[in-house]
$ cat structure.cif   # mmCIF, C-alpha atoms
data_run
#
loop_
_atom_site.label_atom_id
_atom_site.label_comp_id
_atom_site.auth_asym_id
_atom_site.auth_seq_id
_atom_site.Cartn_x
_atom_site.Cartn_y
_atom_site.Cartn_z
CA MET A 1 -16.42 25.59 -33.55
CA LYS A 2 -14.57 23.17 -31.27
CA LYS A 3 -12.31 20.62 -33.03
CA ARG A 4 -12.81 16.96 -32.15
CA LYS A 5 -9.79 15.31 -30.60
CA ILE A 6 -8.48 12.31 -32.57
CA ARG A 7 -8.51 9.11 -30.50
CA TYR A 8 -5.41 7.24 -31.74
CA ASP A 9 -6.16 4.33 -29.47
CA ARG A 10 -9.37 3.69 -31.43
CA ILE A 11 -7.47 3.71 -34.73
CA LEU A 12 -4.51 1.62 -33.65
CA LEU A 13 -6.60 -1.24 -32.22
CA PRO A 14 -8.32 -2.17 -35.54
CA ILE A 15 -4.97 -1.86 -37.35
CA LEU A 16 -3.35 -4.14 -34.83
CA ILE A 17 -6.15 -6.71 -35.17
CA LEU A 18 -5.87 -6.57 -38.98
CA CYS A 19 -2.10 -7.16 -38.80
CA VAL A 20 -2.60 -10.17 -36.57
CA ILE A 21 -5.13 -11.65 -39.02
CA ILE A 22 -2.84 -11.06 -42.01
CA PHE A 23 0.13 -12.57 -40.17
CA GLY A 24 -1.93 -15.61 -39.23
CA ILE A 25 -3.07 -16.22 -42.81
CA SER A 26 0.49 -15.80 -44.06
CA SER A 27 1.79 -18.27 -41.47
CA CYS A 28 -0.81 -20.84 -42.49
CA HIS A 29 0.21 -20.55 -46.12
CA LYS A 30 3.87 -20.93 -45.22
CA THR A 31 3.10 -23.96 -43.07
CA GLU A 32 1.18 -25.63 -45.90
CA GLU A 33 3.96 -24.73 -48.32
CA THR A 34 6.53 -26.26 -45.98
CA LYS A 35 4.47 -29.44 -45.74
CA VAL A 36 4.36 -29.72 -49.51
CA GLN A 37 8.06 -29.03 -49.87
CA SER A 38 9.00 -31.51 -47.14
CA LYS A 39 7.20 -34.40 -48.82
CA PRO A 40 9.96 -36.78 -49.96
CA ILE A 41 10.62 -37.21 -53.66
CA HIS A 42 11.32 -40.82 -54.60
CA THR A 43 13.63 -41.21 -57.58
CA THR A 44 14.75 -43.97 -59.91
CA THR A 45 18.35 -43.29 -58.91
CA THR A 46 17.53 -43.71 -55.21
CA PHE A 47 15.74 -46.98 -55.94
CA LEU A 48 18.68 -48.40 -57.87
CA LYS A 49 21.22 -47.23 -55.29
CA ASN A 50 19.18 -48.90 -52.57
CA ALA A 51 19.02 -52.06 -54.67
CA LEU A 52 22.82 -52.08 -54.82
CA LYS A 53 23.30 -52.01 -51.05
CA PRO A 54 22.89 -55.76 -50.44
CA VAL A 55 24.97 -56.66 -53.51
CA GLY A 56 28.16 -58.57 -52.81
CA GLN A 57 27.43 -59.24 -49.15
CA THR A 58 24.07 -61.01 -49.04
CA LEU A 59 23.69 -64.69 -49.88
CA TYR A 60 20.67 -66.35 -51.44
CA ILE A 61 18.37 -67.93 -48.87
CA TYR A 62 15.22 -69.66 -50.10
CA GLY A 63 12.43 -67.77 -48.31
CA GLY A 64 14.73 -64.94 -47.22
CA GLY A 65 12.80 -61.68 -46.89
CA TRP A 66 9.51 -63.49 -46.27
CA ASN A 67 7.75 -64.02 -42.96
CA GLU A 68 7.77 -67.38 -41.17
CA ALA A 69 4.50 -68.43 -42.81
CA GLN A 70 5.83 -67.49 -46.27
CA THR A 71 2.73 -65.37 -46.91
CA GLY A 72 4.32 -61.92 -47.22
CA SER A 73 7.05 -59.57 -46.06
CA GLY A 74 9.17 -60.63 -43.10
CA THR A 75 11.02 -58.53 -40.55
CA GLU A 76 13.96 -57.67 -42.81
CA ALA A 77 11.77 -56.64 -45.74
CA LEU A 78 9.90 -54.25 -43.43
CA THR A 79 13.06 -52.67 -42.05
CA LEU A 80 15.00 -49.67 -43.32
CA GLY A 81 18.66 -50.51 -43.80
CA LEU A 82 20.72 -53.64 -44.22
CA SER A 83 20.43 -56.50 -41.78
CA LYS A 84 23.76 -57.08 -40.00
CA GLU A 85 23.03 -60.80 -40.06
CA TRP A 86 23.29 -60.90 -43.86
CA LYS A 87 26.93 -59.82 -43.87
CA SER A 88 27.73 -61.96 -40.81
CA PHE A 89 26.40 -65.05 -42.53
CA TYR A 90 28.23 -64.17 -45.75
CA ASP A 91 31.49 -63.96 -43.81
CA THR A 92 31.07 -67.52 -42.54
CA GLN A 93 30.82 -68.97 -46.06
CA ASP A 94 33.20 -69.55 -48.97
CA SER A 95 33.07 -70.41 -52.67
CA SER A 96 31.46 -73.77 -51.90
CA TYR A 97 28.28 -72.16 -50.50
CA ASN A 98 25.17 -74.22 -51.24
CA TYR A 99 21.84 -72.55 -50.50
CA GLU A 100 20.12 -75.94 -50.25
CA ASN A 101 21.84 -76.42 -46.89
CA TYR A 102 20.06 -73.34 -45.46
CA MET A 103 16.53 -73.54 -46.81
CA TYR A 104 14.06 -71.24 -45.01
CA GLU A 105 16.66 -69.85 -42.60
CA ILE A 106 15.00 -66.61 -43.55
CA HIS A 107 17.03 -64.14 -41.50
CA LYS A 108 20.37 -65.03 -43.08
CA GLY A 109 19.81 -63.64 -46.58
CA LEU A 110 17.32 -62.90 -49.34
CA ASP A 111 15.64 -64.73 -52.17
CA CYS A 112 14.70 -62.99 -55.41
CA SER A 113 11.33 -61.55 -54.37
CA GLY A 114 12.56 -60.81 -50.85
CA TYR A 115 15.37 -58.77 -52.38
CA VAL A 116 13.13 -56.78 -54.73
CA GLY A 117 10.58 -56.24 -51.95
CA TRP A 118 13.31 -55.00 -49.58
CA SER A 119 14.65 -52.61 -52.24
CA ILE A 120 11.21 -51.11 -52.86
CA TYR A 121 10.42 -50.77 -49.15
CA ASN A 122 13.72 -48.97 -48.54
CA THR A 123 12.84 -46.53 -51.31
CA LEU A 124 9.15 -45.77 -50.82
CA GLU A 125 8.82 -45.99 -47.03
CA THR A 126 10.25 -43.64 -44.38
CA LYS A 127 10.02 -45.82 -41.28
CA SER A 128 10.34 -49.48 -40.39
CA ASN A 129 7.44 -51.85 -39.73
CA HIS A 130 4.96 -49.81 -41.74
CA GLY A 131 2.27 -51.48 -43.83
CA ASN A 132 2.49 -54.90 -45.47
CA GLY A 133 5.60 -54.35 -47.54
CA TYR A 134 6.24 -55.42 -51.13
CA VAL A 135 7.29 -59.07 -50.96
CA LEU A 136 5.15 -61.17 -53.30
CA LYS A 137 5.50 -64.22 -55.47
CA ALA A 138 8.15 -63.36 -58.04
CA GLU A 139 6.00 -64.14 -61.06
CA GLU A 140 3.18 -61.92 -59.76
CA MET A 141 5.13 -58.79 -58.88
CA THR A 142 4.85 -56.90 -62.17
CA LYS A 143 1.09 -57.25 -62.47
CA THR A 144 0.42 -56.67 -58.77
CA PHE A 145 2.47 -53.47 -58.61
CA ALA A 146 0.60 -52.19 -61.66
CA ASN A 147 -2.72 -53.03 -59.96
CA MET A 148 -1.48 -51.00 -56.97
CA LYS A 149 -1.27 -48.00 -59.35
CA LEU A 150 2.50 -47.70 -58.85
CA GLY A 151 3.15 -47.97 -62.56
CA SER A 152 2.28 -49.90 -65.71
CA TYR A 153 2.45 -53.53 -66.79
CA LYS A 154 3.23 -55.14 -70.11
CA ASP A 155 3.93 -58.71 -71.16
CA SER A 156 7.13 -57.79 -72.97
CA ILE A 157 10.51 -56.35 -72.02
CA GLN A 158 10.93 -54.37 -75.20
CA ASN A 159 11.94 -50.78 -74.41
CA ALA A 160 12.96 -51.71 -70.85
CA LYS A 161 14.29 -48.78 -68.79
CA PRO A 162 16.54 -48.43 -65.74
CA GLY A 163 14.52 -49.21 -62.61
CA ASP A 164 12.04 -51.50 -64.36
CA ILE A 165 11.13 -54.77 -62.65
CA VAL A 166 10.92 -57.96 -64.67
CA SER A 167 8.96 -61.00 -63.49
CA MET A 168 9.70 -64.40 -64.96
CA ALA A 169 7.03 -67.07 -65.31
CA ASN A 170 9.43 -69.64 -63.89
CA ALA A 171 9.40 -67.87 -60.50
CA HIS A 172 12.18 -65.30 -60.64
CA VAL A 173 12.26 -61.50 -60.60
CA TYR A 174 14.97 -58.93 -61.23
CA ILE A 175 15.65 -55.20 -61.49
CA VAL A 176 16.94 -53.56 -64.68
CA LEU A 177 19.96 -51.32 -64.14
CA ALA A 178 20.69 -50.46 -67.78
CA VAL A 179 20.02 -51.48 -71.37
CA CYS A 180 23.06 -52.03 -73.59
CA GLU A 181 23.38 -51.26 -77.30
CA ASP A 182 23.28 -54.95 -78.20
CA GLY A 183 19.93 -55.34 -76.41
CA SER A 184 21.35 -57.13 -73.38
CA LEU A 185 20.24 -56.05 -69.92
CA LEU A 186 22.46 -55.21 -66.96
CA ILE A 187 20.45 -56.46 -63.98
CA ALA A 188 20.50 -56.76 -60.19
CA HIS A 189 18.90 -59.82 -58.61
CA SER A 190 19.18 -62.47 -55.93
CA SER A 191 19.95 -65.84 -57.43
CA PRO A 192 22.26 -68.53 -56.06
CA PRO A 193 24.73 -67.81 -54.65
CA GLY A 194 23.22 -64.42 -53.73
CA VAL A 195 22.52 -60.77 -54.50
CA LYS A 196 24.62 -59.77 -57.49
CA ILE A 197 24.82 -57.92 -60.78
CA SER A 198 24.57 -59.98 -63.95
CA GLY A 199 24.16 -59.58 -67.69
CA THR A 200 21.59 -61.23 -69.95
CA TYR A 201 22.12 -62.60 -73.45
CA ASP A 202 22.06 -60.03 -76.24
CA GLN A 203 19.19 -59.70 -78.73
CA ASN A 204 20.82 -62.28 -81.03
CA GLY A 205 21.06 -64.90 -78.28
CA ASN A 206 24.77 -64.50 -77.60
CA SER A 207 25.85 -65.16 -74.01
CA ASN A 208 29.02 -63.09 -74.34
CA SER A 209 27.05 -59.84 -74.31
CA GLN A 210 27.92 -56.25 -73.47
CA ALA A 211 25.91 -56.50 -70.27
CA VAL A 212 27.95 -59.50 -69.11
CA GLY A 213 31.12 -57.51 -69.70
CA TYR A 214 29.81 -54.57 -67.68
CA ALA A 215 28.62 -56.90 -64.90
CA GLN A 216 32.04 -58.55 -64.64
CA LYS A 217 33.79 -55.18 -64.49
CA ILE A 218 31.42 -53.85 -61.81
CA MET A 219 31.61 -56.95 -59.62
CA LYS A 220 35.39 -57.16 -59.94
CA THR A 221 35.86 -53.45 -59.21
CA TYR A 222 33.33 -52.77 -56.47
CA TYR A 223 32.81 -56.22 -54.96
CA PRO A 224 36.21 -57.94 -55.30
CA ASP A 225 35.75 -60.40 -52.43
CA TRP A 226 32.46 -61.63 -53.88
CA TYR A 227 33.89 -61.79 -57.39
CA SER A 228 36.84 -63.87 -56.18
CA ARG A 229 34.36 -66.43 -54.80
CA TYR A 230 31.58 -66.23 -57.37
CA PRO A 231 32.88 -64.83 -60.69
CA ASN A 232 29.96 -65.94 -62.86
CA CYS A 233 28.03 -62.87 -64.08
CA THR A 234 25.97 -64.51 -66.84
CA VAL A 235 22.33 -65.55 -66.68
CA ASP A 236 20.63 -67.89 -69.14
CA PHE A 237 18.38 -67.12 -72.11
CA SER A 238 15.17 -67.50 -70.07
CA PHE A 239 15.77 -64.07 -68.49
CA THR A 240 14.74 -62.36 -71.74
CA GLU A 241 12.70 -65.09 -73.44
CA PRO A 242 9.50 -63.36 -74.66
CA SER A 243 7.16 -66.11 -73.49
CA ASN A 244 8.70 -66.10 -70.00
CA VAL A 245 8.85 -62.44 -68.97
CA SER A 246 6.66 -59.45 -68.10
CA LEU A 247 7.68 -55.94 -67.18
CA PHE A 248 6.65 -53.30 -64.64
CA HIS A 249 7.53 -49.65 -65.29
CA TRP A 250 7.17 -47.05 -62.52
CA ASN A 251 4.95 -44.03 -63.11
CA SER A 252 6.36 -40.56 -62.43
CA LYS A 253 4.11 -40.09 -59.39
CA THR A 254 5.86 -42.99 -57.67
CA LEU A 255 9.44 -42.64 -58.92
CA LYS A 256 10.77 -39.60 -60.75
CA ASP A 257 13.71 -39.97 -63.12
CA VAL A 258 15.26 -36.69 -62.00
CA ASP A 259 18.74 -37.69 -63.16
CA LYS A 260 17.48 -38.67 -66.63
CA LEU A 261 18.83 -42.22 -66.43
CA ASN A 262 16.56 -43.13 -69.33
CA SER A 263 18.64 -40.99 -71.67
CA MET A 264 22.08 -41.97 -70.32
CA THR A 265 24.60 -44.41 -71.76
CA VAL A 266 25.44 -47.51 -69.74
CA ASN A 267 28.75 -45.97 -68.64
CA GLN A 268 26.98 -42.82 -67.49
CA ILE A 269 24.46 -44.86 -65.50
CA ILE A 270 27.26 -46.82 -63.83
CA GLN A 271 29.07 -43.59 -62.95
CA THR A 272 25.86 -42.15 -61.49
CA LEU A 273 25.08 -45.22 -59.40
CA PHE A 274 28.60 -45.81 -58.09
CA LYS A 275 29.96 -42.30 -57.66
#
$ encode --input "structure.cif" --output "C-alpha cells"
Amino acid sequence: MKKRKIRYDRILLPILILCVIIFGISSCHKTEETKVQSKPIHTTTTFLKNALKPVGQTLYIYGGGWNEAQTGSGTEALTLGLSKEWKSFYDTQDSSYNYENYMYEIHKGLDCSGYVGWSIYNTLETKSNHGNGYVLKAEEMTKTFANMKLGSYKDSIQNAKPGDIVSMANAHVYIVLAVCEDGSLLIAHSSPPGVKISGTYDQNGNSNSQAVGYAQKIMKTYYPDWYSRYPNCTVDFSFTEPSNVSLFHWNSKTLKDVDKLNSMTVNQIIQTLFK
C-alpha cells in the first residue's frame, strides 16, 4: 500500500492564520489595558498643590477669573498654568494695595470663586479652553458641585477634611488644607489683598488659634515677600459660623486621597504639600 505524502504547506497555513488571530486579540487587550492605565488619576494632594500655586503672587481682583460678562469662567480660569500677568501686576504693587482701585480688571488677579474655579480646572482638566470651567457664585459652589456628582454636600463643616470646599452665605468660598486639634481650619483662599493661606478661629471662638500659627509660619517661610507686605493670616468668626457655611466633599471617583491626607497630622500635611 502506497503511503500518502504529508503536505506541510496545508498544515502550516492554518497554524499561521491561528497565530495571527491570537496575536490580534492579544494586541487589542493590551491596547485597552493601556488606555485604562493611561487614564489620569486625580488626587487630593494634586488639587491642594495646584491651589497653592497662585498663593503669595496673585492679588485679589473683584471679578478676577470670571469672563467679561461675569456669567462664568474667564480665560484664566479655563487655562492650565499660572497667568504671567498675575505676578507682573503683583510686582507693581506694595503694602498699600487697595483692590477697590482695580475693580473688574479681571486679567490681573483672582477673586475667591475665580481662584477656587481655577484650582479645580487645573486639577480635573488636561487641556486649556475645554468645557465651561468651574467658576460659579461663591455661595453656590458647594451645592452645585454636589449636583454635578463630583462629591457630597452638607450644611455643616463638622468633620471637614483636606481638600474640602466651604461656601459662605455672605459670598465667599475657600479650600480646606488641614484641620487642627483645636478645631481651627488651615485654609487657602483669595480675599483682599489676594490669594493666601489663613487660619480660622478655634472651636471655642479664639482668634489666636493653631491654624493661625501654622498659616503665619507657612507664609513667612514660603512666601516671605508677601508676608512682609501682608502679614495678617487671621480670618473672622464668620468663616466657621454654623449658620453661614456649607461644605462640599469630593467623592473618590473624582479625587482619590492616595497619600492619606485625611489621616495625617497638620505638620505631616504641610510637609507633603511643600516638599
$ residues_around --input "structure.cif" --residues "range 153-163 of chain A" --least-positions-apart "6" --cutoff "8 Å" --atoms "only C-alpha atoms" --output "PDB file with C-alpha atoms, in the coordinates of the input"
ATOM      1  CA  THR A  44      14.750 -43.970 -59.910  1.00  0.00           C
ATOM      2  CA  THR A  45      18.350 -43.290 -58.910  1.00  0.00           C
ATOM      3  CA  PHE A  47      15.740 -46.980 -55.940  1.00  0.00           C
ATOM      4  CA  LEU A  48      18.680 -48.400 -57.870  1.00  0.00           C
ATOM      5  CA  THR A 142       4.850 -56.900 -62.170  1.00  0.00           C
ATOM      6  CA  LYS A 143       1.090 -57.250 -62.470  1.00  0.00           C
ATOM      7  CA  ALA A 146       0.600 -52.190 -61.660  1.00  0.00           C
ATOM      8  CA  ILE A 175      15.650 -55.200 -61.490  1.00  0.00           C
ATOM      9  CA  VAL A 176      16.940 -53.560 -64.680  1.00  0.00           C
ATOM     10  CA  LEU A 177      19.960 -51.320 -64.140  1.00  0.00           C
ATOM     11  CA  ALA A 178      20.690 -50.460 -67.780  1.00  0.00           C
ATOM     12  CA  VAL A 179      20.020 -51.480 -71.370  1.00  0.00           C
ATOM     13  CA  THR A 240      14.740 -62.360 -71.740  1.00  0.00           C
ATOM     14  CA  PRO A 242       9.500 -63.360 -74.660  1.00  0.00           C
ATOM     15  CA  VAL A 245       8.850 -62.440 -68.970  1.00  0.00           C
ATOM     16  CA  SER A 246       6.660 -59.450 -68.100  1.00  0.00           C
ATOM     17  CA  LEU A 247       7.680 -55.940 -67.180  1.00  0.00           C
ATOM     18  CA  PHE A 248       6.650 -53.300 -64.640  1.00  0.00           C
ATOM     19  CA  HIS A 249       7.530 -49.650 -65.290  1.00  0.00           C
ATOM     20  CA  TRP A 250       7.170 -47.050 -62.520  1.00  0.00           C
ATOM     21  CA  LEU A 261      18.830 -42.220 -66.430  1.00  0.00           C
ATOM     22  CA  ASN A 262      16.560 -43.130 -69.330  1.00  0.00           C
TER      23      ASN A 262
END
$ resolve_selection --input "structure.cif" --expression "the PyMOL selection byres ((chain A and resi 133) around 6)" --output "list in words"
Ser73, Leu78, Gly131, Asn132 and Tyr134 of chain A
$ closest_residue --input "structure.cif" --among "A:Thr79, A:Asn206, A:Ser228, A:Ser95" --to "Gly117 in chain A" --atoms "only C-alpha atoms"
A:Thr79
$ residues_around --input "structure.cif" --residues "Pro40 in chain A" --least-positions-apart "6" --cutoff "10 Å" --atoms "all atoms listed in the file" --output "ChimeraX atom specification"
/A:124-126
$ write_last_selection --input "structure.cif" --atoms "C-alpha atoms" --output "PDB file, in the coordinates of the input"
ATOM      1  CA  LEU A 124       9.150 -45.770 -50.820  1.00  0.00           C
ATOM      2  CA  GLU A 125       8.820 -45.990 -47.030  1.00  0.00           C
ATOM      3  CA  THR A 126      10.250 -43.640 -44.380  1.00  0.00           C
TER       4      THR A 126
END
$ atom_distance --input "structure.cif" --atom1 "CA of Asp111 in chain A" --atom2 "CA of Gly194 in chain A"
7.7 Å
$ decode --input "structure.cif" --residues "range 46-71 of chain A" --atoms "C-alpha atoms" --output "tab-separated table (two decimals), in the first residue's frame"
chain	number	residue	atom	x	y	z
A	46	THR	CA	-2.61	67.32	43.44
A	47	PHE	CA	-5.63	69.54	43.98
A	48	LEU	CA	-4.13	71.19	47.05
A	49	LYS	CA	-0.72	71.62	45.43
A	50	ASN	CA	-2.39	73.28	42.45
A	51	ALA	CA	-4.32	75.52	44.83
A	52	LEU	CA	-1.03	76.65	46.36
A	53	LYS	CA	0.49	77.79	43.06
A	54	PRO	CA	-1.13	81.25	42.96
A	55	VAL	CA	-0.51	81.84	46.68
A	56	GLY	CA	1.78	84.74	47.51
A	57	GLN	CA	1.91	86.16	43.99
A	58	THR	CA	-1.69	86.79	42.95
A	59	LEU	CA	-3.66	89.78	44.18
A	60	TYR	CA	-7.39	89.95	44.78
A	61	ILE	CA	-9.29	91.41	41.84
A	62	TYR	CA	-13.07	91.68	42.10
A	63	GLY	CA	-14.30	89.61	39.14
A	64	GLY	CA	-10.89	88.04	38.51
A	65	GLY	CA	-11.26	84.58	36.99
A	66	TRP	CA	-14.66	85.40	35.51
A	67	ASN	CA	-15.48	86.29	31.92
A	68	GLU	CA	-16.24	89.85	30.83
A	69	ALA	CA	-19.98	89.36	31.31
A	70	GLN	CA	-19.43	87.93	34.82
A	71	THR	CA	-21.53	84.88	33.93
